[in-house]
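Q: Enclosed is the structure file target25.pdb (PDB, C-alpha atoms).
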ATOM      1  CA  MET A   1       0.507 -21.718 -19.879
ATOM      2  CA  SER A   2      -0.672 -18.893 -17.653
ATOM      3  CA  ASN A   3       0.654 -18.810 -14.126
ATOM      4  CA  THR A   4      -1.894 -16.246 -13.012
ATOM      5  CA  ARG A   5      -3.097 -16.767  -9.473
ATOM      6  CA  VAL A   6      -6.437 -15.268  -8.481
ATOM      7  CA  ILE A   7      -7.636 -14.237  -5.030
ATOM      8  CA  GLU A   8     -11.282 -13.313  -4.555
ATOM      9  CA  LEU A   9     -12.541 -11.458  -1.531
ATOM     10  CA  THR A  10     -15.725  -9.678  -0.514
ATOM     11  CA  LEU A  11     -15.545  -6.970   2.144
ATOM     12  CA  PRO A  12     -17.971  -4.491   3.696
ATOM     13  CA  GLY A  13     -17.731  -1.206   1.829
ATOM     14  CA  HIS A  14     -16.479   0.787   4.800
ATOM     15  CA  VAL A  15     -13.159   2.565   5.361
ATOM     16  CA  GLN A  16     -12.492   0.401   8.411
ATOM     17  CA  PHE A  17     -11.953  -2.561   6.084
ATOM     18  CA  CYS A  18      -9.395  -0.802   3.897
ATOM     19  CA  GLU A  19      -6.570  -1.935   6.156
ATOM     20  CA  LEU A  20      -7.561  -5.604   5.816
ATOM     21  CA  ALA A  21      -7.806  -5.298   2.037
ATOM     22  CA  ARG A  22      -4.510  -3.418   1.910
ATOM     23  CA  ARG A  23      -2.715  -6.236   3.734
ATOM     24  CA  VAL A  24      -3.979  -8.676   1.085
ATOM     25  CA  ILE A  25      -2.794  -6.332  -1.671
ATOM     26  CA  MET A  26       0.624  -6.008  -0.018
ATOM     27  CA  GLU A  27       0.962  -9.762   0.158
ATOM     28  CA  SER A  28      -0.124 -10.016  -3.487
ATOM     29  CA  CYS A  29       2.607  -7.537  -4.434
ATOM     30  CA  ARG A  30       5.109  -9.653  -2.531
ATOM     31  CA  LEU A  31       3.949 -12.843  -4.275
ATOM     32  CA  LEU A  32       4.205 -11.145  -7.654
ATOM     33  CA  ARG A  33       7.755 -10.056  -6.931
ATOM     34  CA  VAL A  34       8.873 -13.316  -5.441
ATOM     35  CA  GLY A  35       7.556 -15.519  -8.230
ATOM     36  CA  ASN A  36       7.192 -19.253  -7.692
ATOM     37  CA  GLY A  37       7.983 -19.533  -4.024
ATOM     38  CA  ALA A  38      11.561 -18.221  -4.125
ATOM     39  CA  GLU A  39      12.578 -16.031  -1.233
ATOM     40  CA  PRO A  40      12.966 -12.386  -2.213
ATOM     41  CA  VAL A  41      16.160 -10.406  -1.816
ATOM     42  CA  ALA A  42      14.097  -8.023   0.277
ATOM     43  CA  ASP A  43      10.473  -8.396   1.266
ATOM     44  CA  GLY A  44       7.924  -6.085  -0.254
ATOM     45  CA  TYR A  45       7.423  -4.868   3.246
ATOM     46  CA  ARG A  46       8.838  -5.681   6.633
ATOM     47  CA  SER A  47       6.977  -6.141   9.833
ATOM     48  CA  ALA A  48       9.548  -7.762  12.096
ATOM     49  CA  GLY A  49      10.435  -5.476  14.948
ATOM     50  CA  LEU A  50       7.761  -2.963  14.058
ATOM     51  CA  PRO A  51       4.404  -2.495  15.730
ATOM     52  CA  SER A  52       1.722  -4.260  13.727
ATOM     53  CA  GLU A  53       0.286  -1.006  12.428
ATOM     54  CA  ARG A  54       3.637   0.198  11.050
ATOM     55  CA  TYR A  55       4.621  -0.060   7.418
ATOM     56  CA  GLU A  56       8.091  -0.144   5.995
ATOM     57  CA  PHE A  57       8.078  -0.515   2.234
ATOM     58  CA  ASP A  58      11.160  -1.586   0.348
ATOM     59  CA  ASP A  59      10.032  -1.268  -3.262
ATOM     60  CA  SER A  60       8.254   1.342  -5.304
ATOM     61  CA  PHE A  61       5.882  -1.164  -6.951
ATOM     62  CA  THR A  62       4.294  -2.050  -3.601
ATOM     63  CA  VAL A  63       4.255   1.583  -2.439
ATOM     64  CA  GLU A  64       2.479   2.706  -5.581
ATOM     65  CA  PHE A  65      -0.014  -0.138  -5.875
ATOM     66  CA  VAL A  66      -0.958  -0.058  -2.198
ATOM     67  CA  SER A  67      -1.339   3.731  -2.248
ATOM     68  CA  ALA A  68      -3.489   3.684  -5.392
ATOM     69  CA  PHE A  69      -5.616   0.798  -4.119
ATOM     70  CA  SER A  70      -6.251   2.559  -0.792
ATOM     71  CA  GLU A  71      -7.469   5.667  -2.598
ATOM     72  CA  ILE A  72      -9.941   3.695  -4.698
ATOM     73  CA  PHE A  73     -11.177   1.552  -1.793
ATOM     74  CA  ASN A  74     -11.828   4.634   0.320
ATOM     75  CA  ASN A  75     -13.364   6.462  -2.630
ATOM     76  CA  ILE A  76     -15.935   3.660  -2.912
ATOM     77  CA  ALA A  77     -16.559   3.606   0.845
ATOM     78  CA  LEU A  78     -16.880   7.367   1.221
ATOM     79  CA  HIS A  79     -18.540   8.368  -2.041
ATOM     80  CA  ALA A  80     -20.264   5.342  -3.605
ATOM     81  CA  TYR A  81     -21.541   4.121  -0.231
ATOM     82  CA  GLU A  82     -21.416   7.596   1.326
ATOM     83  CA  GLY A  83     -19.642   6.340   4.446
ATOM     84  CA  ALA A  84     -22.593   4.251   5.539
ATOM     85  CA  ALA A  85     -21.330   0.728   4.744
ATOM     86  CA  ARG A  86     -24.473   0.052   2.754
ATOM     87  CA  GLY A  87     -22.906  -2.533   0.516
ATOM     88  CA  THR A  88     -19.890  -4.625  -0.227
ATOM     89  CA  ILE A  89     -16.739  -4.332  -2.282
ATOM     90  CA  GLU A  90     -15.900  -7.413  -4.315
ATOM     91  CA  LEU A  91     -12.221  -7.813  -5.029
ATOM     92  CA  SER A  92     -10.603 -10.042  -7.603
ATOM     93  CA  ILE A  93      -6.822  -9.927  -7.434
ATOM     94  CA  ALA A  94      -4.952 -11.544 -10.322
ATOM     95  CA  ILE A  95      -1.251 -12.066  -9.710
ATOM     96  CA  GLY A  96       0.274 -12.581 -13.144
ATOM     97  CA  GLU A  97       3.852 -13.266 -14.185
ATOM     98  CA  ASP A  98       4.791  -9.620 -14.363
ATOM     99  CA  SER A  99       1.673  -7.658 -13.467
ATOM    100  CA  LEU A 100      -0.936  -7.226 -10.784
ATOM    101  CA  LEU A 101      -4.564  -6.690 -11.793
ATOM    102  CA  VAL A 102      -7.289  -5.852  -9.286
ATOM    103  CA  ASP A 103     -10.975  -5.686 -10.210
ATOM    104  CA  MET A 104     -13.286  -3.997  -7.707
ATOM    105  CA  CYS A 105     -17.075  -3.973  -7.865
ATOM    106  CA  ASP A 106     -19.527  -1.951  -5.803
ATOM    107  CA  THR A 107     -23.248  -1.307  -5.948
ATOM    108  CA  GLY A 108     -23.088   2.230  -4.623
ATOM    109  CA  LYS A 109     -23.608   5.601  -6.215
ATOM    110  CA  ALA A 110     -21.914   5.996  -9.582
ATOM    111  CA  PHE A 111     -19.996   9.054 -10.749
ATOM    112  CA  ASP A 112     -18.364  10.461 -13.863
ATOM    113  CA  ILE A 113     -14.651   9.866 -13.434
ATOM    114  CA  ASP A 114     -13.853  12.161 -16.350
ATOM    115  CA  SER A 115     -15.457  15.053 -14.497
ATOM    116  CA  VAL A 116     -12.853  14.880 -11.721
ATOM    117  CA  PRO A 117     -10.398  17.696 -12.420
ATOM    118  CA  PRO A 118      -6.672  17.316 -11.743
ATOM    119  CA  PRO A 119      -5.665  18.933  -8.470
ATOM    120  CA  GLY A 120      -4.288  22.465  -8.572
ATOM    121  CA  GLU A 121      -1.574  23.831  -6.315
ATOM    122  CA  LEU A 122      -2.067  22.909  -2.659
ATOM    123  CA  PRO A 123      -5.453  21.240  -3.123
ATOM    124  CA  ILE A 124      -7.637  20.383  -0.153
ATOM    125  CA  GLY A 125      -9.512  17.654  -2.026
ATOM    126  CA  GLY A 126      -9.814  15.805  -5.322
ATOM    127  CA  MET A 127      -6.434  14.134  -5.048
ATOM    128  CA  GLY A 128      -7.384  10.457  -4.764
ATOM    129  CA  ILE A 129      -8.182   9.701  -8.391
ATOM    130  CA  PHE A 130      -5.174  11.722  -9.558
ATOM    131  CA  LEU A 131      -2.869   9.828  -7.192
ATOM    132  CA  ALA A 132      -4.243   6.450  -8.266
ATOM    133  CA  ARG A 133      -3.888   7.323 -11.960
ATOM    134  CA  SER A 134      -0.350   8.526 -11.389
ATOM    135  CA  MET A 135       0.715   5.374  -9.578
ATOM    136  CA  LEU A 136      -0.855   2.745 -11.845
ATOM    137  CA  ASP A 137      -0.329   1.751 -15.463
ATOM    138  CA  GLU A 138      -4.101   1.534 -15.993
ATOM    139  CA  LEU A 139      -7.076   2.778 -14.032
ATOM    140  CA  GLU A 140     -10.484   2.046 -15.521
ATOM    141  CA  TYR A 141     -13.904   2.837 -14.134
ATOM    142  CA  HIS A 142     -17.244   1.818 -15.593
ATOM    143  CA  ALA A 143     -20.356   3.179 -13.919
ATOM    144  CA  GLY A 144     -23.253   0.729 -13.789
ATOM    145  CA  SER A 145     -24.774  -1.916 -11.651
ATOM    146  CA  PRO A 146     -22.326  -2.819 -10.311
ATOM    147  CA  ASN A 147     -19.745  -0.090 -10.757
ATOM    148  CA  ARG A 148     -16.500  -1.652 -11.914
ATOM    149  CA  TRP A 149     -12.938  -0.550 -11.274
ATOM    150  CA  ARG A 150      -9.820  -2.095 -12.796
ATOM    151  CA  LEU A 151      -6.365  -1.353 -11.428
ATOM    152  CA  VAL A 152      -3.333  -2.634 -13.343
ATOM    153  CA  LYS A 153       0.360  -2.248 -12.740
ATOM    154  CA  CYS A 154       3.267  -4.028 -14.402
ATOM    155  CA  LEU A 155       6.619  -4.709 -12.848
ATOM    156  CA  GLY A 156       9.233  -2.271 -14.101
ATOM    157  CA  ALA A 157      12.339  -3.525 -15.898
ATOM    158  CA  SER A 158      14.541  -3.219 -12.817
ATOM    159  CA  GLU A 159      12.012  -5.078 -10.667
ATOM    160  CA  ARG A 160      11.664  -7.842 -13.292
ATOM    161  CA  ASP A 161      15.463  -8.194 -13.392
ATOM    162  CA  ALA A 162      15.600  -8.410  -9.606
ATOM    163  CA  THR A 163      12.889 -11.081  -9.554
ATOM    164  CA  ALA A 164      14.610 -13.048 -12.326
ATOM    165  CA  ALA A 165      17.896 -12.893 -10.419
ATOM    166  CA  VAL A 166      16.193 -14.299  -7.345
ATOM    167  CA  GLU A 167      14.640 -17.118  -9.370
ATOM    168  CA  GLU A 168      17.966 -17.946 -11.060
ATOM    169  CA  SER A 169      19.631 -17.973  -7.670
ATOM    170  CA  ALA A 170      16.967 -20.335  -6.299
ATOM    171  CA  GLU A 171      17.282 -22.654  -9.311
ATOM    172  CA  SER A 172      21.065 -22.869  -9.048
ATOM    173  CA  ALA A 173      20.956 -23.485  -5.279
TER     174      ALA A 173
ATOM    175  CA  MET B  16     -10.527  26.079  24.159
ATOM    176  CA  ILE B  17      -7.275  24.315  23.432
ATOM    177  CA  ARG B  18      -6.358  21.257  25.405
ATOM    178  CA  ASN B  19      -3.451  21.489  27.798
ATOM    179  CA  LEU B  20      -0.421  21.572  25.521
ATOM    180  CA  ASP B  21       1.978  22.296  28.340
ATOM    181  CA  GLU B  22       2.234  18.578  28.800
ATOM    182  CA  PRO B  23       3.106  16.138  26.016
ATOM    183  CA  MET B  24      -0.063  15.047  24.290
ATOM    184  CA  SER B  25      -0.293  11.822  22.400
ATOM    185  CA  SER B  26      -2.751  10.029  20.220
ATOM    186  CA  GLN B  27      -2.424   7.142  17.830
ATOM    187  CA  ASN B  28      -0.786   9.160  15.081
ATOM    188  CA  PHE B  29       0.853  12.264  16.500
ATOM    189  CA  TYR B  30       2.176  14.073  19.511
ATOM    190  CA  ILE B  31       2.660  17.759  20.142
ATOM    191  CA  GLN B  32       5.780  19.531  21.361
ATOM    192  CA  ASP B  33       5.315  23.029  22.745
ATOM    193  CA  GLU B  34       8.654  24.793  22.380
ATOM    194  CA  GLY B  35       8.013  28.410  23.262
ATOM    195  CA  ALA B  36       6.954  30.281  20.150
ATOM    196  CA  GLN B  37       7.132  27.078  18.132
ATOM    197  CA  VAL B  38       4.741  24.174  18.199
ATOM    198  CA  THR B  39       5.717  20.919  16.511
ATOM    199  CA  ILE B  40       3.272  18.254  15.412
ATOM    200  CA  ASN B  41       5.175  14.982  15.211
ATOM    201  CA  LEU B  42       3.317  12.519  13.013
ATOM    202  CA  TYR B  43       3.960   8.810  12.910
ATOM    203  CA  GLY B  44       2.454   5.578  11.634
ATOM    204  CA  ARG B  45      -0.467   6.022   9.262
ATOM    205  CA  LEU B  46      -2.305   9.226   8.489
ATOM    206  CA  GLU B  47      -5.412   8.394   6.529
ATOM    207  CA  VAL B  48      -9.146   8.771   6.383
ATOM    208  CA  THR B  49      -9.742   6.668   9.488
ATOM    209  CA  SER B  50      -7.312   8.662  11.602
ATOM    210  CA  VAL B  51      -7.342  12.307  10.457
ATOM    211  CA  ALA B  52     -10.211  13.487  12.657
ATOM    212  CA  ASP B  53      -8.083  13.799  15.829
ATOM    213  CA  LEU B  54      -5.346  15.594  13.929
ATOM    214  CA  ASN B  55      -7.787  18.020  12.309
ATOM    215  CA  ARG B  56      -9.271  18.830  15.704
ATOM    216  CA  THR B  57      -5.825  19.520  17.141
ATOM    217  CA  ILE B  58      -4.866  21.648  14.128
ATOM    218  CA  ASP B  59      -7.990  23.756  14.746
ATOM    219  CA  GLU B  60      -6.972  24.159  18.379
ATOM    220  CA  ILE B  61      -3.414  25.138  17.508
ATOM    221  CA  LEU B  62      -4.484  27.636  14.866
ATOM    222  CA  ALA B  63      -6.826  29.243  17.378
ATOM    223  CA  GLU B  64      -3.709  30.115  19.406
ATOM    224  CA  VAL B  65      -1.829  31.716  16.462
ATOM    225  CA  PRO B  66      -0.240  34.218  16.679
ATOM    226  CA  ARG B  67      -0.880  34.914  20.370
ATOM    227  CA  ARG B  68       0.882  31.778  21.590
ATOM    228  CA  TRP B  69       2.747  30.372  18.599
ATOM    229  CA  SER B  70       4.317  32.011  15.567
ATOM    230  CA  VAL B  71       6.018  28.930  14.123
ATOM    231  CA  ILE B  72       4.293  25.636  13.353
ATOM    232  CA  VAL B  73       6.260  22.569  12.280
ATOM    233  CA  ALA B  74       4.679  19.412  10.906
ATOM    234  CA  ASN B  75       7.341  16.746  11.327
ATOM    235  CA  LEU B  76       6.577  13.771   9.048
ATOM    236  CA  GLN B  77       9.732  11.838   9.944
ATOM    237  CA  GLY B  78       7.836   9.020  11.652
ATOM    238  CA  LEU B  79       5.070   8.773   9.100
ATOM    239  CA  ASP B  80       4.945   5.491   7.156
ATOM    240  CA  LEU B  81       1.776   5.923   5.128
ATOM    241  CA  ILE B  82      -0.408   8.814   4.065
ATOM    242  CA  ASP B  83      -3.479   9.016   1.865
ATOM    243  CA  SER B  84      -5.218  11.952   0.219
ATOM    244  CA  SER B  85      -7.175  12.673   3.423
ATOM    245  CA  GLY B  86      -3.925  12.950   5.338
ATOM    246  CA  VAL B  87      -2.452  15.198   2.668
ATOM    247  CA  SER B  88      -5.551  17.405   2.942
ATOM    248  CA  SER B  89      -4.909  17.837   6.666
ATOM    249  CA  ILE B  90      -1.297  18.858   6.081
ATOM    250  CA  VAL B  91      -2.250  21.243   3.286
ATOM    251  CA  GLY B  92      -4.997  22.724   5.457
ATOM    252  CA  LEU B  93      -2.494  23.321   8.250
ATOM    253  CA  PHE B  94      -0.029  24.891   5.823
ATOM    254  CA  LYS B  95      -2.566  27.210   4.217
ATOM    255  CA  ARG B  96      -4.511  28.244   7.292
ATOM    256  CA  GLY B  97      -1.382  28.619   9.408
ATOM    257  CA  ARG B  98       0.153  31.022   6.922
ATOM    258  CA  GLN B  99      -3.124  32.914   6.607
ATOM    259  CA  SER B 100      -3.078  33.293  10.383
ATOM    260  CA  GLY B 101       0.381  34.835  10.225
ATOM    261  CA  ALA B 102       2.455  31.861  11.339
ATOM    262  CA  GLN B 103       5.513  30.441   9.656
ATOM    263  CA  VAL B 104       4.614  26.867   8.740
ATOM    264  CA  TYR B 105       7.169  24.181   7.905
ATOM    265  CA  VAL B 106       6.471  20.649   6.684
ATOM    266  CA  THR B 107       9.579  18.548   7.159
ATOM    267  CA  GLY B 108      10.990  15.044   7.328
ATOM    268  CA  ALA B 109       8.855  13.202   4.775
ATOM    269  CA  ARG B 110      10.382   9.954   3.586
ATOM    270  CA  GLY B 111       9.256   6.772   1.842
ATOM    271  CA  GLN B 112       5.616   6.566   0.781
ATOM    272  CA  PRO B 113       4.582   9.982   2.154
ATOM    273  CA  LEU B 114       7.442  11.682   0.264
ATOM    274  CA  GLN B 115       6.469   9.833  -2.917
ATOM    275  CA  VAL B 116       2.846  10.959  -2.559
ATOM    276  CA  LEU B 117       3.888  14.573  -1.936
ATOM    277  CA  ARG B 118       6.188  14.448  -4.973
ATOM    278  CA  ILE B 119       3.406  13.197  -7.242
ATOM    279  CA  LEU B 120       1.222  16.042  -6.022
ATOM    280  CA  ARG B 121       4.170  18.433  -6.566
ATOM    281  CA  MET B 122       3.976  19.539  -2.954
ATOM    282  CA  ASP B 123       7.558  18.625  -2.119
ATOM    283  CA  LYS B 124       8.745  21.845  -3.729
ATOM    284  CA  VAL B 125       5.989  23.918  -2.129
ATOM    285  CA  PHE B 126       7.062  22.567   1.248
ATOM    286  CA  GLY B 127      10.751  23.057   0.383
ATOM    287  CA  MET B 128      11.647  19.363   0.656
TER     288      MET B 128
END
Would you give me this structure, written as structure tokens?

A:
Amino acid sequence: MSNTRVIELTLPGHVQFCELARRVIMESCRLLRVGNGAEPVADGYRSAGLPSERYEFDDSFTVEFVSAFSEIFNNIALHAYEGAARGTIELSIAIGEDSLLVDMCDTGKAFDIDSVPPPGELPIGGMGIFLARSMLDELEYHAGSPNRWRLVKCLGASERDATAAVEESAESA
Amino acid sequence: MIRNLDEPMSSQNFYIQDEGAQVTINLYGRLEVTSVADLNRTIDEILAEVPRRWSVIVANLQGLDLIDSSGVSSIVGLFKRGRQSGAQVYVTGARGQPLQVLRILRMDKVFGM
């Protein structure tokens, strides 16, 4: 039986809404790592004692997924919608047993993702897609109406072991 | 005309320390597309005073929690343009997510981290 939990969200396609979406992604990362309600050894992020705008990540999975997601969200806002908030971004976040999958749809301007070259030394631009690809297990883009993005990342072996240890600890308590 | 840097200047994401021939940009919090405009403006102002006023520029990332590709572009722009202007430019103190991003982009070695 699948334990996948799905969150669906529609946001204005503007960079100002990236922070809101990012907070949902961070919480999704935390839920993935925690499993079925067990408390984690360490939160995916901490906010206690920090100003609300501060981030303090404790795990590489959350760092990488949040960073990659932010690049794609802002890519849509800045390039597909050309910074004018002319449409929405539909998010579907699927929290699986050992992976996080995010589908993003927009109705903005399409582009050829294969035409984006990898950044050279000390690039001024063109880093977002490269960063997202580097930090995810899968990054798919299909131009169309709507344009569709898929971001996938699986928990690494060490993170799965840590989550399993937490669950075993909770079960034996 | 550069703003008065003789007094500490602050914004949401950075503050400037004028230390004689050295100027330090201390970054903290998030540096991303929604917040780079102020930094880019200040970088322009600082570079306009190189080398007459400053010969060393330090970008201190110690307090930075999160950076995106726009923020990296600002840092790279400072590094490149500062050196072209004849200044010594140092990018220091990256940790956590910003260090990871710089490593993926292979900039950690360029910056001597």

Q: Where does chain B meet chain A within 10 Å, residue by residue, with the nearest atom pair and distance in Å to one decimal for each, counting only C-alpha atoms, listed by chain and rising number, as a tab-separated table?

A:
residue	atom	partner	partner_atom	distance
B:Tyr43	CA	A:Arg54	CA	8.8
B:Gly44	CA	A:Arg54	CA	5.5
B:Arg45	CA	A:Arg54	CA	7.3
B:Glu47	CA	A:Ser70	CA	9.4
B:Val48	CA	A:Val15	CA	7.5
B:Thr49	CA	A:Val15	CA	6.7
B:Gly78	CA	A:Arg54	CA	9.8
B:Leu79	CA	A:Arg54	CA	8.9
B:Asp80	CA	A:Tyr55	CA	5.6
B:Leu81	CA	A:Tyr55	CA	7.0
B:Ile82	CA	A:Ser67	CA	8.2
B:Asp83	CA	A:Glu71	CA	6.9
B:Ser84	CA	A:Gly128	CA	5.6
B:Ser85	CA	A:Gly125	CA	7.7
B:Gly86	CA	A:Ile124	CA	10.0
B:Val87	CA	A:Ile124	CA	7.9
B:Ser88	CA	A:Ile124	CA	4.8
B:Ser89	CA	A:Ile124	CA	7.8
B:Ile90	CA	A:Ile124	CA	9.0
B:Val91	CA	A:Leu122	CA	6.2
B:Gly92	CA	A:Ile124	CA	6.6
B:Phe94	CA	A:Leu122	CA	8.9
B:Lys95	CA	A:Leu122	CA	8.1
B:Gly111	CA	A:Phe57	CA	7.4
B:Gln112	CA	A:Val63	CA	6.1
B:Pro113	CA	A:Val63	CA	9.6
B:Gln115	CA	A:Val63	CA	8.6
B:Val116	CA	A:Leu131	CA	7.4
B:Leu117	CA	A:Leu131	CA	9.8
B:Ile119	CA	A:Leu131	CA	7.1
B:Leu120	CA	A:Leu131	CA	7.5
B:Arg121	CA	A:Glu121	CA	7.9
B:Met122	CA	A:Leu122	CA	6.9
B:Val125	CA	A:Leu122	CA	8.1
B:Phe126	CA	A:Leu122	CA	9.9

Q: A:Met26: which residues within 10 Å, counting only C-alpha atoms, same-chain residues fewer than 3 positions away excluded, as a list in words?

A: Ala21, Arg22, Arg23, Cys29, Arg30, Leu31, Leu32, Gly44, Tyr45, Phe57, Phe61, Thr62, Val63, Phe65 and Val66 of chain A

Q: Applying 10 Å and only C-alpha atoms, which residues near B:Val104 remain after dropping the ones on its own chain fewer than 5 positions away? List them as a VMD selection string.

A: chain B and resid 37 to 39 70 to 74 93 to 98 126

Q: Keeping only C-alpha atoms, write the selected residues as an mmCIF file, keeping the file's coordinate frame.

A:
data_model
loop_
_atom_site.group_PDB
_atom_site.id
_atom_site.type_symbol
_atom_site.label_atom_id
_atom_site.label_comp_id
_atom_site.auth_asym_id
_atom_site.auth_seq_id
_atom_site.Cartn_x
_atom_site.Cartn_y
_atom_site.Cartn_z
ATOM 1 C CA GLN B 37 7.132 27.078 18.132
ATOM 2 C CA VAL B 38 4.741 24.174 18.199
ATOM 3 C CA THR B 39 5.717 20.919 16.511
ATOM 4 C CA SER B 70 4.317 32.011 15.567
ATOM 5 C CA VAL B 71 6.018 28.930 14.123
ATOM 6 C CA ILE B 72 4.293 25.636 13.353
ATOM 7 C CA VAL B 73 6.260 22.569 12.280
ATOM 8 C CA ALA B 74 4.679 19.412 10.906
ATOM 9 C CA LEU B 93 -2.494 23.321 8.250
ATOM 10 C CA PHE B 94 -0.029 24.891 5.823
ATOM 11 C CA LYS B 95 -2.566 27.210 4.217
ATOM 12 C CA ARG B 96 -4.511 28.244 7.292
ATOM 13 C CA GLY B 97 -1.382 28.619 9.408
ATOM 14 C CA ARG B 98 0.153 31.022 6.922
ATOM 15 C CA PHE B 126 7.062 22.567 1.248
#

Q: Interatomic distance between atom CA of A:Tyr81 and atom CA of A:Ser28?

A: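 Going from atom CA of A:Tyr81 over to atom CA of A:Ser28 covers 25.9 Å.
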
Q: Mind checking which residues fall within 8 Å of A:Glu138, counting all atoms listed in the file, ignoring those fewer than 4 positions away in the same chain, and posting them as a ChimeraX atom specification?

A: /A:133,150-153

Q: Evaluate the PyMOL selection byres ((chain A and resi 143) around 9) and record the selected residues as number ranges by chain, following the chain and residue labels used in the document.

A: A: 109-113, 141-142, 144-149

Q: Neighbours of A:Phe17 within 10 Å (all atoms listed in the file; same-chain residues fewer than 6 positions away dropped), as a compact mmCIF listing (two decimals) with C-alpha atoms, in the frame of the given file?

A:
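part-v7.txt was written with the following content:
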# COMPACT_ATOMS: atom_id res chain seq x y z
CA LEU A 11 -15.54 -6.97 2.14
CA PHE A 73 -11.18 1.55 -1.79
CA ASN A 74 -11.83 4.63 0.32
CA ALA A 77 -16.56 3.61 0.84
CA ILE A 89 -16.74 -4.33 -2.28

Q: Save stretch 56-69 of chain A from what I just supplied, as an mmCIF file, in the first residue's frame, atoms limited to N, CA, C and O atoms.

A:
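Now in result-v8.cif:
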data_model
loop_
_atom_site.group_PDB
_atom_site.id
_atom_site.type_symbol
_atom_site.label_atom_id
_atom_site.label_comp_id
_atom_site.auth_asym_id
_atom_site.auth_seq_id
_atom_site.Cartn_x
_atom_site.Cartn_y
_atom_site.Cartn_z
ATOM 1 N N GLU A 56 18.344 27.664 9.030
ATOM 2 C CA GLU A 56 19.469 26.884 9.523
ATOM 3 C C GLU A 56 19.177 25.422 9.208
ATOM 4 O O GLU A 56 18.399 24.760 9.883
ATOM 5 N N PHE A 57 19.763 24.957 8.124
ATOM 6 C CA PHE A 57 19.504 23.597 7.657
ATOM 7 C C PHE A 57 20.384 22.615 8.423
ATOM 8 O O PHE A 57 21.514 22.900 8.759
ATOM 9 N N ASP A 58 19.831 21.427 8.642
ATOM 10 C CA ASP A 58 20.616 20.400 9.314
ATOM 11 C C ASP A 58 20.917 19.201 8.428
ATOM 12 O O ASP A 58 21.645 18.304 8.832
ATOM 13 N N ASP A 59 20.331 19.127 7.251
ATOM 14 C CA ASP A 59 20.541 17.941 6.424
ATOM 15 C C ASP A 59 20.684 18.337 4.967
ATOM 16 O O ASP A 59 20.079 19.305 4.506
ATOM 17 N N SER A 60 21.485 17.566 4.264
ATOM 18 C CA SER A 60 21.790 17.921 2.877
ATOM 19 C C SER A 60 20.594 17.706 1.963
ATOM 20 O O SER A 60 20.457 18.407 0.960
ATOM 21 N N PHE A 61 19.712 16.745 2.296
ATOM 22 C CA PHE A 61 18.532 16.521 1.445
ATOM 23 C C PHE A 61 17.698 17.799 1.357
ATOM 24 O O PHE A 61 17.322 18.245 0.262
ATOM 25 N N THR A 62 17.413 18.401 2.504
ATOM 26 C CA THR A 62 16.585 19.615 2.525
ATOM 27 C C THR A 62 17.314 20.764 1.835
ATOM 28 O O THR A 62 16.708 21.502 1.046
ATOM 29 N N VAL A 63 18.597 20.919 2.124
ATOM 30 C CA VAL A 63 19.384 21.983 1.474
ATOM 31 C C VAL A 63 19.268 21.868 -0.034
ATOM 32 O O VAL A 63 18.996 22.845 -0.741
ATOM 33 N N GLU A 64 19.479 20.656 -0.535
ATOM 34 C CA GLU A 64 19.537 20.475 -1.990
ATOM 35 C C GLU A 64 18.167 20.610 -2.626
ATOM 36 O O GLU A 64 18.027 21.248 -3.676
ATOM 37 N N PHE A 65 17.139 20.035 -2.002
ATOM 38 C CA PHE A 65 15.812 20.128 -2.625
ATOM 39 C C PHE A 65 15.311 21.563 -2.598
ATOM 40 O O PHE A 65 14.792 22.082 -3.597
ATOM 41 N N VAL A 66 15.461 22.225 -1.466
ATOM 42 C CA VAL A 66 14.990 23.609 -1.350
ATOM 43 C C VAL A 66 15.739 24.523 -2.325
ATOM 44 O O VAL A 66 15.130 25.385 -2.977
ATOM 45 N N SER A 67 17.033 24.321 -2.453
ATOM 46 C CA SER A 67 17.826 25.156 -3.368
ATOM 47 C C SER A 67 17.382 24.935 -4.810
ATOM 48 O O SER A 67 17.202 25.891 -5.578
ATOM 49 N N ALA A 68 17.227 23.663 -5.189
ATOM 50 C CA ALA A 68 16.816 23.350 -6.566
ATOM 51 C C ALA A 68 15.421 23.892 -6.851
ATOM 52 O O ALA A 68 15.169 24.503 -7.899
ATOM 53 N N PHE A 69 14.504 23.678 -5.891
ATOM 54 C CA PHE A 69 13.131 24.156 -6.079
ATOM 55 C C PHE A 69 13.104 25.676 -6.257
ATOM 56 O O PHE A 69 12.390 26.198 -7.134
#
